[in-house]
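Coordinates as given in query32.cif (mmCIF, C-alpha atoms and all ligand atoms):
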```
data_structure
loop_
_atom_site.label_atom_id
_atom_site.label_comp_id
_atom_site.auth_asym_id
_atom_site.auth_seq_id
_atom_site.Cartn_x
_atom_site.Cartn_y
_atom_site.Cartn_z
CA MET Y 9 58.25 13.15 -2.27
CA PRO Y 10 55.85 13.99 -5.16
CA PRO Y 11 54.08 17.39 -5.00
CA ARG Y 12 50.64 17.41 -3.40
CA ASP Y 13 47.46 18.72 -5.06
CA PRO Y 14 46.20 22.21 -4.02
CA ASN Y 15 43.41 20.82 -1.84
CA SER Y 16 45.90 18.66 0.05
CA GLU Y 17 48.03 21.76 0.66
CA LYS Y 18 44.96 23.44 2.18
CA ILE Y 19 44.36 20.47 4.44
CA ILE Y 20 48.02 20.39 5.49
CA ASP Y 21 47.73 24.05 6.36
CA PHE Y 22 44.65 23.45 8.53
CA VAL Y 23 45.85 20.23 10.18
CA VAL Y 24 49.57 20.93 10.63
CA ASN Y 25 50.38 24.65 10.26
CA LYS Y 26 47.22 25.83 12.00
CA ARG Y 27 47.64 23.08 14.59
CA ASN Y 28 44.16 21.60 14.39
CA GLY Y 29 45.28 18.01 13.98
CA VAL Y 30 43.11 15.37 12.37
CA LYS Y 31 40.80 15.79 15.37
CA GLY Y 32 40.14 19.34 14.17
CA LEU Y 33 39.29 18.03 10.73
CA VAL Y 34 36.74 15.61 12.15
CA ASP Y 35 35.31 18.32 14.42
CA ALA Y 36 34.88 20.51 11.33
CA GLY Y 37 32.44 17.87 10.08
CA ILE Y 38 34.21 16.18 7.14
CA GLU Y 39 32.23 13.20 5.92
CA THR Y 40 34.66 11.74 3.42
CA VAL Y 41 38.36 11.02 3.73
CA PRO Y 42 40.44 13.77 2.09
CA GLN Y 43 42.87 12.67 -0.63
CA LEU Y 44 45.79 13.52 1.65
CA TYR Y 45 44.85 10.56 3.87
CA ILE Y 46 44.09 7.98 1.16
CA LEU Y 47 46.63 5.18 0.86
CA PRO Y 48 47.63 3.68 -2.48
CA VAL Y 49 45.67 0.43 -2.92
CA ASP Y 50 48.68 -1.83 -2.32
CA GLU Y 51 49.38 -0.20 1.04
CA ARG Y 52 45.89 -0.75 2.44
CA LEU Y 53 45.15 -3.55 4.85
CA GLU Y 54 42.83 -5.60 2.62
CA PRO Y 55 40.83 -8.35 4.41
CA ASN Y 56 42.63 -11.05 2.42
CA LYS Y 57 45.89 -10.02 4.12
CA ILE Y 58 44.50 -10.79 7.59
CA LEU Y 59 45.08 -14.26 9.07
CA PRO Y 60 41.99 -14.93 11.18
CA THR Y 61 43.28 -18.06 12.94
CA ASP Y 62 46.55 -16.92 14.50
CA SER Y 63 46.95 -14.81 17.61
CA ILE Y 64 49.77 -13.65 19.85
CA PRO Y 65 50.13 -15.29 23.29
CA VAL Y 66 48.39 -13.97 26.40
CA ILE Y 67 50.66 -14.62 29.38
CA ASP Y 68 49.55 -14.61 33.01
CA VAL Y 69 52.37 -12.98 34.97
CA SER Y 70 50.91 -13.28 38.47
CA ASN Y 71 54.04 -15.26 39.35
CA TRP Y 72 57.10 -13.75 37.69
CA ASP Y 73 59.34 -16.36 39.32
CA ASP Y 74 57.63 -19.31 37.69
CA PRO Y 75 60.05 -20.68 35.07
CA VAL Y 76 57.10 -21.54 32.81
CA VAL Y 77 56.16 -17.85 32.79
CA THR Y 78 59.67 -16.56 32.11
CA GLN Y 79 60.16 -19.14 29.37
CA SER Y 80 56.87 -18.16 27.70
CA ILE Y 81 57.95 -14.51 27.73
CA CYS Y 82 61.33 -15.20 26.14
CA ASP Y 83 59.81 -17.62 23.61
CA ALA Y 84 57.14 -15.10 22.61
CA ALA Y 85 59.78 -12.36 22.30
CA GLY Y 86 61.68 -14.55 19.84
CA LYS Y 87 58.78 -15.98 17.90
CA TRP Y 88 56.23 -13.18 17.73
CA GLY Y 89 58.01 -10.15 19.15
CA PHE Y 90 54.61 -9.43 20.70
CA PHE Y 91 52.53 -10.79 23.56
CA GLN Y 92 49.89 -9.62 26.03
CA ILE Y 93 50.24 -9.85 29.79
CA ILE Y 94 47.48 -10.18 32.37
CA ASN Y 95 47.60 -10.05 36.19
CA HIS Y 96 50.57 -7.68 35.94
CA GLY Y 97 49.62 -5.66 39.01
CA VAL Y 98 48.74 -2.31 37.40
CA PRO Y 99 45.24 -1.63 38.78
CA LEU Y 100 42.38 -1.53 36.32
CA GLU Y 101 41.36 1.90 37.68
CA VAL Y 102 44.77 3.29 36.73
CA LEU Y 103 44.42 1.91 33.19
CA ASP Y 104 40.90 3.24 32.80
CA ALA Y 105 41.88 6.62 34.24
CA VAL Y 106 44.67 7.19 31.73
CA LYS Y 107 42.41 6.25 28.80
CA ASP Y 108 39.75 8.66 30.11
CA ALA Y 109 42.45 11.30 30.46
CA ALA Y 110 43.34 10.86 26.77
CA HIS Y 111 39.71 11.41 25.80
CA ARG Y 112 39.57 14.46 28.07
CA PHE Y 113 42.66 16.05 26.55
CA PHE Y 114 41.53 15.51 22.97
CA GLY Y 115 38.04 16.68 23.92
CA LEU Y 116 39.41 20.11 24.85
CA PRO Y 117 38.59 23.01 22.52
CA ASN Y 118 41.19 23.33 19.82
CA GLU Y 119 42.67 26.56 21.27
CA GLU Y 120 43.34 24.75 24.55
CA ARG Y 121 44.82 21.64 22.94
CA SER Y 122 47.03 23.45 20.51
CA LYS Y 123 48.86 25.30 23.31
CA TYR Y 124 50.89 22.11 23.59
CA TRP Y 125 51.69 21.84 19.86
CA ALA Y 126 55.27 20.65 19.28
CA GLY Y 127 57.60 23.64 19.16
CA ASN Y 128 55.09 25.87 20.90
CA SER Y 129 54.47 23.94 24.09
CA PRO Y 130 55.30 25.53 27.47
CA THR Y 131 57.75 22.66 28.02
CA GLU Y 132 59.84 20.47 25.76
CA THR Y 133 58.68 17.44 27.74
CA VAL Y 134 55.14 17.63 26.29
CA ALA Y 135 54.39 17.84 22.59
CA LEU Y 136 51.18 17.55 20.60
CA LYS Y 137 51.69 16.19 17.09
CA THR Y 138 49.70 14.88 14.18
CA SER Y 139 50.46 11.94 11.87
CA PHE Y 140 54.11 10.81 12.22
CA VAL Y 141 56.43 13.11 10.25
CA PRO Y 142 54.02 15.15 8.06
CA GLN Y 143 56.82 16.98 6.24
CA ALA Y 144 58.20 13.63 5.02
CA GLU Y 145 54.89 11.92 4.22
CA THR Y 146 52.93 11.86 0.97
CA VAL Y 147 49.93 10.37 2.77
CA LEU Y 148 49.24 11.39 6.35
CA GLU Y 149 48.31 9.04 9.18
CA TRP Y 150 44.87 9.35 10.79
CA LYS Y 151 46.21 10.05 14.26
CA ASP Y 152 47.13 12.81 16.70
CA ASN Y 153 49.23 12.21 19.78
CA LEU Y 154 50.32 13.95 22.92
CA SER Y 155 53.80 12.83 23.84
CA PHE Y 156 55.33 13.03 27.33
CA ARG Y 157 59.00 12.57 28.15
CA CYS Y 158 58.93 10.75 31.47
CA SER Y 159 62.43 10.41 32.96
CA PRO Y 160 62.68 11.61 36.59
CA ARG Y 161 64.31 14.81 35.34
CA ASP Y 162 61.55 15.40 32.78
CA LEU Y 163 58.98 15.05 35.55
CA GLU Y 164 60.32 18.27 37.07
CA SER Y 165 58.29 20.12 34.44
CA PHE Y 166 55.08 18.45 35.63
CA PRO Y 167 53.54 21.83 36.66
CA LEU Y 168 53.58 22.79 32.96
CA TRP Y 169 51.81 19.61 31.81
CA PRO Y 170 48.13 19.77 30.82
CA PRO Y 171 46.06 19.67 34.05
CA VAL Y 172 43.30 17.55 32.42
CA CYS Y 173 45.55 14.51 32.09
CA ARG Y 174 48.86 14.93 33.93
CA ASP Y 175 47.98 13.17 37.21
CA GLU Y 176 46.70 10.12 35.35
CA VAL Y 177 49.77 10.00 33.09
CA VAL Y 178 52.16 10.09 36.04
CA LYS Y 179 50.15 7.56 38.03
CA TYR Y 180 50.13 5.15 35.09
CA MET Y 181 53.85 5.62 34.45
CA GLU Y 182 54.65 4.98 38.11
CA SER Y 183 52.46 1.88 38.23
CA ALA Y 184 53.93 0.48 35.02
CA GLU Y 185 57.54 0.98 36.11
CA PRO Y 186 57.86 -2.24 38.17
CA VAL Y 187 56.31 -4.21 35.30
CA ILE Y 188 58.83 -2.72 32.86
CA ARG Y 189 61.70 -3.58 35.18
CA LYS Y 190 60.47 -7.15 35.64
CA LEU Y 191 60.01 -7.67 31.90
CA LEU Y 192 63.51 -6.40 31.16
CA GLU Y 193 64.99 -8.59 33.89
CA VAL Y 194 63.30 -11.66 32.45
CA LEU Y 195 64.17 -10.82 28.85
CA LEU Y 196 67.80 -10.03 29.71
CA LYS Y 197 68.12 -13.24 31.76
CA GLY Y 198 67.03 -15.01 28.59
CA LEU Y 199 70.14 -13.46 27.01
CA LYS Y 200 72.37 -14.65 29.87
CA VAL Y 201 72.54 -11.24 31.53
CA GLU Y 202 72.05 -12.12 35.19
CA GLU Y 203 71.91 -8.63 36.62
CA ILE Y 204 70.94 -5.22 35.28
CA ASP Y 205 73.62 -2.90 36.70
CA GLU Y 206 73.41 0.89 36.59
CA ALA Y 207 75.04 1.25 33.18
CA ARG Y 208 72.76 -1.36 31.66
CA GLU Y 209 69.76 0.24 33.29
CA TYR Y 210 70.69 3.54 31.64
CA THR Y 211 70.89 1.83 28.26
CA LEU Y 212 67.68 -0.13 28.72
CA MET Y 213 65.25 2.26 30.31
CA ALA Y 214 66.56 5.72 31.28
CA SER Y 215 64.28 7.84 29.09
CA PRO Y 216 60.75 6.52 28.69
CA ILE Y 217 58.26 8.32 26.47
CA LEU Y 218 54.53 7.94 27.06
CA ASN Y 219 52.09 8.85 24.31
CA LEU Y 220 48.39 9.49 24.44
CA ASN Y 221 47.42 8.36 20.94
CA TYR Y 222 44.12 9.54 19.54
CA TYR Y 223 42.56 8.12 16.39
CA PRO Y 224 39.35 10.05 15.76
CA ARG Y 225 36.47 8.19 14.16
CA CYS Y 226 37.26 7.88 10.48
CA PRO Y 227 34.60 8.07 7.72
CA ASP Y 228 36.31 5.24 5.80
CA PRO Y 229 39.08 3.61 7.85
CA ASP Y 230 39.92 0.98 5.22
CA LEU Y 231 41.32 3.70 2.96
CA THR Y 232 43.68 5.08 5.58
CA ALA Y 233 46.50 4.24 7.98
CA GLY Y 234 45.94 5.03 11.66
CA VAL Y 235 49.61 4.17 11.91
CA GLY Y 236 51.46 2.68 8.96
CA PRO Y 237 53.62 -0.45 9.25
CA HIS Y 238 56.62 0.18 11.49
CA SER Y 239 58.65 -1.34 14.28
CA ASP Y 240 59.23 0.65 17.46
CA ILE Y 241 62.73 1.89 18.19
CA SER Y 242 62.43 1.26 21.94
CA THR Y 243 63.94 -1.56 23.95
CA ILE Y 244 60.39 -2.68 24.70
CA THR Y 245 57.01 -0.97 24.36
CA VAL Y 246 54.20 -1.40 26.85
CA LEU Y 247 50.93 -0.59 25.13
CA LEU Y 248 47.52 -0.06 26.62
CA GLN Y 249 44.78 -0.21 24.00
CA ASP Y 250 41.07 0.42 24.43
CA ASP Y 251 38.27 -1.92 23.35
CA SER Y 252 38.08 -0.68 19.73
CA GLY Y 253 40.54 -3.16 18.21
CA GLY Y 254 42.45 -2.22 15.09
CA LEU Y 255 46.03 -3.13 16.04
CA TYR Y 256 47.65 -5.61 13.64
CA VAL Y 257 51.00 -7.38 13.85
CA ARG Y 258 52.91 -8.71 10.86
CA ALA Y 259 52.66 -12.49 10.70
CA THR Y 260 55.10 -13.32 7.94
CA ASP Y 261 57.26 -11.51 5.48
CA ASP Y 262 54.70 -12.00 2.73
CA ASP Y 263 52.38 -9.28 3.98
CA SER Y 264 49.96 -11.15 6.25
CA TRP Y 265 48.73 -9.57 9.44
CA ILE Y 266 47.27 -10.77 12.74
CA HIS Y 267 44.79 -8.80 14.81
CA VAL Y 268 45.64 -8.12 18.47
CA PRO Y 269 42.25 -8.49 20.16
CA PRO Y 270 41.57 -6.12 23.05
CA VAL Y 271 41.68 -7.98 26.37
CA ASN Y 272 40.29 -5.94 29.25
CA GLY Y 273 43.03 -5.16 31.77
CA ALA Y 274 45.83 -6.58 29.61
CA LEU Y 275 48.96 -4.78 28.44
CA VAL Y 276 50.41 -5.47 25.01
CA ILE Y 277 54.19 -5.87 25.11
CA ASN Y 278 56.38 -5.67 22.05
CA MET Y 279 60.08 -5.83 21.40
CA GLY Y 280 61.64 -2.71 19.92
CA ASP Y 281 64.57 -2.45 17.52
CA ILE Y 282 67.03 -1.88 20.34
CA LEU Y 283 66.36 -5.19 22.01
CA GLN Y 284 66.50 -6.93 18.64
CA ILE Y 285 69.93 -5.35 18.12
CA MET Y 286 71.16 -6.08 21.66
CA SER Y 287 70.01 -9.69 21.34
CA ASN Y 288 71.63 -10.04 17.90
CA ASP Y 289 68.24 -11.07 16.47
CA ARG Y 290 67.17 -13.53 19.19
CA TYR Y 291 64.29 -11.21 19.99
CA ARG Y 292 62.44 -9.56 17.14
CA SER Y 293 60.89 -6.12 16.81
CA ILE Y 294 57.94 -7.05 14.67
CA GLU Y 295 56.15 -4.58 12.40
CA HIS Y 296 52.71 -3.47 13.42
CA ARG Y 297 50.07 -1.04 12.19
CA VAL Y 298 46.77 0.46 13.28
CA VAL Y 299 43.50 0.88 11.42
CA ALA Y 300 41.28 3.62 12.85
CA ASN Y 301 37.68 2.91 13.77
CA GLY Y 302 34.64 3.76 11.64
CA SER Y 303 32.24 4.26 14.52
CA LYS Y 304 34.18 5.65 17.47
CA ASP Y 305 37.31 7.48 18.57
CA ARG Y 306 40.12 5.07 19.51
CA VAL Y 307 42.76 5.81 22.14
CA SER Y 308 45.91 3.93 23.07
CA VAL Y 309 48.71 4.63 25.50
CA PRO Y 310 52.14 3.26 24.60
CA ILE Y 311 55.14 3.63 26.87
CA PHE Y 312 58.27 3.48 24.75
CA VAL Y 313 61.00 2.28 27.08
CA ASN Y 314 64.03 4.06 25.65
CA PRO Y 315 67.74 4.40 26.47
CA GLY Y 316 69.26 7.62 27.73
CA ALA Y 317 69.96 9.92 24.75
CA ASP Y 318 73.74 9.43 24.85
CA ALA Y 319 73.65 5.70 25.62
CA THR Y 320 75.26 3.40 23.08
CA PHE Y 321 73.93 -0.03 22.29
CA GLY Y 322 74.91 -2.99 20.17
CA PRO Y 323 74.85 -6.79 20.44
CA LEU Y 324 75.52 -7.81 24.05
CA PRO Y 325 78.85 -9.47 24.92
CA GLU Y 326 76.91 -12.24 26.71
CA VAL Y 327 75.15 -13.06 23.43
CA LEU Y 328 78.34 -13.05 21.39
CA GLU Y 329 80.24 -15.09 24.00
CA THR Y 330 80.30 -18.26 21.95
CA GLY Y 331 81.92 -16.58 18.98
CA GLU Y 332 78.76 -15.54 17.14
CA GLN Y 333 79.29 -12.68 14.67
CA PRO Y 334 77.60 -9.38 15.57
CA LEU Y 335 74.93 -8.38 13.04
CA TYR Y 336 74.88 -4.75 14.21
CA LYS Y 337 77.35 -2.06 15.13
CA GLU Y 338 77.37 0.12 18.22
CA VAL Y 339 74.98 3.05 17.82
CA VAL Y 340 74.27 6.13 19.93
CA PHE Y 341 70.57 6.24 20.79
CA SER Y 342 70.07 9.91 19.88
CA ASP Y 343 71.43 9.20 16.36
CA TYR Y 344 69.06 6.26 15.92
CA PHE Y 345 66.15 8.35 17.24
CA LYS Y 346 66.89 11.22 14.85
CA TYR Y 347 67.09 8.85 11.91
CA PHE Y 348 63.71 7.27 12.79
CA PHE Y 349 62.06 10.69 12.92
CA SER Y 350 63.59 11.89 9.64
CA LYS Y 351 61.38 9.74 7.40
CA ARG Y 352 57.91 8.26 7.11
CA HIS Y 353 57.05 4.94 8.74
CA GLU Y 354 58.73 2.41 6.51
CA GLY Y 355 58.44 -1.01 8.06
CA LYS Y 356 61.73 -2.13 9.53
CA LYS Y 357 63.99 0.09 7.45
CA THR Y 358 65.30 2.03 10.45
CA MET Y 359 67.30 -1.03 11.47
CA GLU Y 360 69.50 -0.68 8.40
CA PHE Y 361 71.04 2.27 10.22
CA ALA Y 362 72.69 -0.14 12.66
CA ARG Y 363 73.29 -3.16 10.45
CA ILE Y 364 76.89 -4.18 9.72
C1 LIG A 1 52.82 3.27 18.19
C2 LIG A 1 51.87 2.17 17.93
C3 LIG A 1 49.74 1.15 18.39
C4 LIG A 1 48.38 1.53 18.87
O1 LIG A 1 52.37 4.33 18.69
O2 LIG A 1 54.02 3.09 17.90
O3 LIG A 1 52.25 1.21 17.31
O4 LIG A 1 47.60 0.60 19.15
N1 LIG A 1 50.64 2.26 18.42
O5 LIG A 1 48.07 2.70 18.95
NI NI A 2 54.41 1.11 17.36
#
```
As structure tokens, please, write out the structure in this file.
Ligand code: OGA
Ligand code: NI
Amino acid sequence: MPPRDPNSEKIIDFVVNKRNGVKGLVDAGIETVPQLYILPVDERLEPNKILPTDSIPVIDVSNWDDPVVTQSICDAAGKWGFFQIINHGVPLEVLDAVKDAAHRFFGLPNEERSKYWAGNSPTETVALKTSFVPQAETVLEWKDNLSFRCSPRDLESFPLWPPVCRDEVVKYMESAEPVIRKLLEVLLKGLKVEEIDEAREYTLMASPILNLNYYPRCPDPDLTAGVGPHSDISTITVLLQDDSGGLYVRATDDDSWIHVPPVNGALVINMGDILQIMSNDRYRSIEHRVVANGSKDRVSVPIFVNPGADATFGPLPEVLETGEQPLYKEVVFSDYFKYFFSKRHEGKKTMEFARI
């Protein structure tokens, strides 16, 4: 990584070492984007890279047993790696409450917020962070997030979670759980796995992580990355976005992007690397990115549905049944996770870790 200029070092000190986050920078009244956040021109999302006509499917899942519904889900997982679902059964009030809770947490005075800073938090199950991996990034991402580990065991530390948002986080996680289970059942059936037994369940969904993502209003969002291009390392991700817009999905390999329009009450579902690996590329974990908003603070709430830390995954035997060659080796989830968090967001490069 090239050395940073002295002003960038000052900003790093304020944002990262002093635990103010990019929210702190905005609260301090900056009116231009500091150099530390300015992307090289070729990494910006220029308007000519956006395909205005395409969009990802919106699937009505009021009847999960309808074969048309299950087929649309599996088709979308293969073609786009992304789709939105409506009529999924998570009440609108629960969705609104968790978004409000994100605004409440990030609206706390800095001294209150920073009590939860990663490494300093009263519990390992909650961590406030900024950007993605600041120590590995030349340009920082315009985002802070509060991350919750949400397995049943992690929930034992609930009393130590921030009171301004913890009830809403747990309520949302509980309400989303049946949707997650249903989605995985459908997607795995599409791979000829008829039943998710206990071992498979551990590999597919034992250790979910829920993030409250906060993208403060940015003086010039086109110069920055809210989140840079990446694929998620989850099995699937269930993402709740607000009405700001700004989420883009890669359309083709030649650097074109599609906007994911906010649909009130919908959840955005995307395939993560693990399901791409387990499906031996039948499902695809497509790159996506976020551009912050120029006029308001944006929040989003992804649930990364992750394996247990010591679970191993690789192409499923059911998929390889007909003699197909595996494209990936068996990997331990904690190794994959560590690798992802050792570098900046770099598109789909993490998958090389598992490729044969
Ligand atoms: C992520 C992500 C999208 C969003 O956190 O991995 O892609 O809309 N977020 O915030
Ligand atoms: Ni993502």
Q | Shell of 9 Å around ligand LIG 1 (chain A) (all atoms listed in the file), written as a PyMOL selection string | A | chain Y and resi 151+153+219-223+234-241+245+247-250+253-256+268+276+295-299+306-312
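Between CA of Arg363 in chain Y and CA of Leu335 in chain Y lies a distance of 6.1 Å.
The interatomic distance for the pair CA of Lys31 in chain Y and CA of Asp152 in chain Y works out to 7.1 Å.
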**Q.** Which residue of Y:Glu39, Y:Asp50, Y:Asp74, Y:Glu338 approaches Ile285 in chain Y most closely, using all atoms listed in the file
**A.**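 Smallest distance to Ile285 in chain Y is found for Y:Glu338.
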Q. In Å, with one decimal, what is the gap from CA of Val76 in chain Y to CA of Leu195 in chain Y?
A.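 Separation of CA of Val76 in chain Y and CA of Leu195 in chain Y: 13.4 Å.
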Q.
Under the rule that all atoms listed in the file are counted, which of Y:Ala184, Y:Ile58, Y:Leu100, Y:Leu196 is the nearest residue to Gln79 in chain Y?
A.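 With all atoms listed in the file as the atom set, the closest residue is Y:Leu196.
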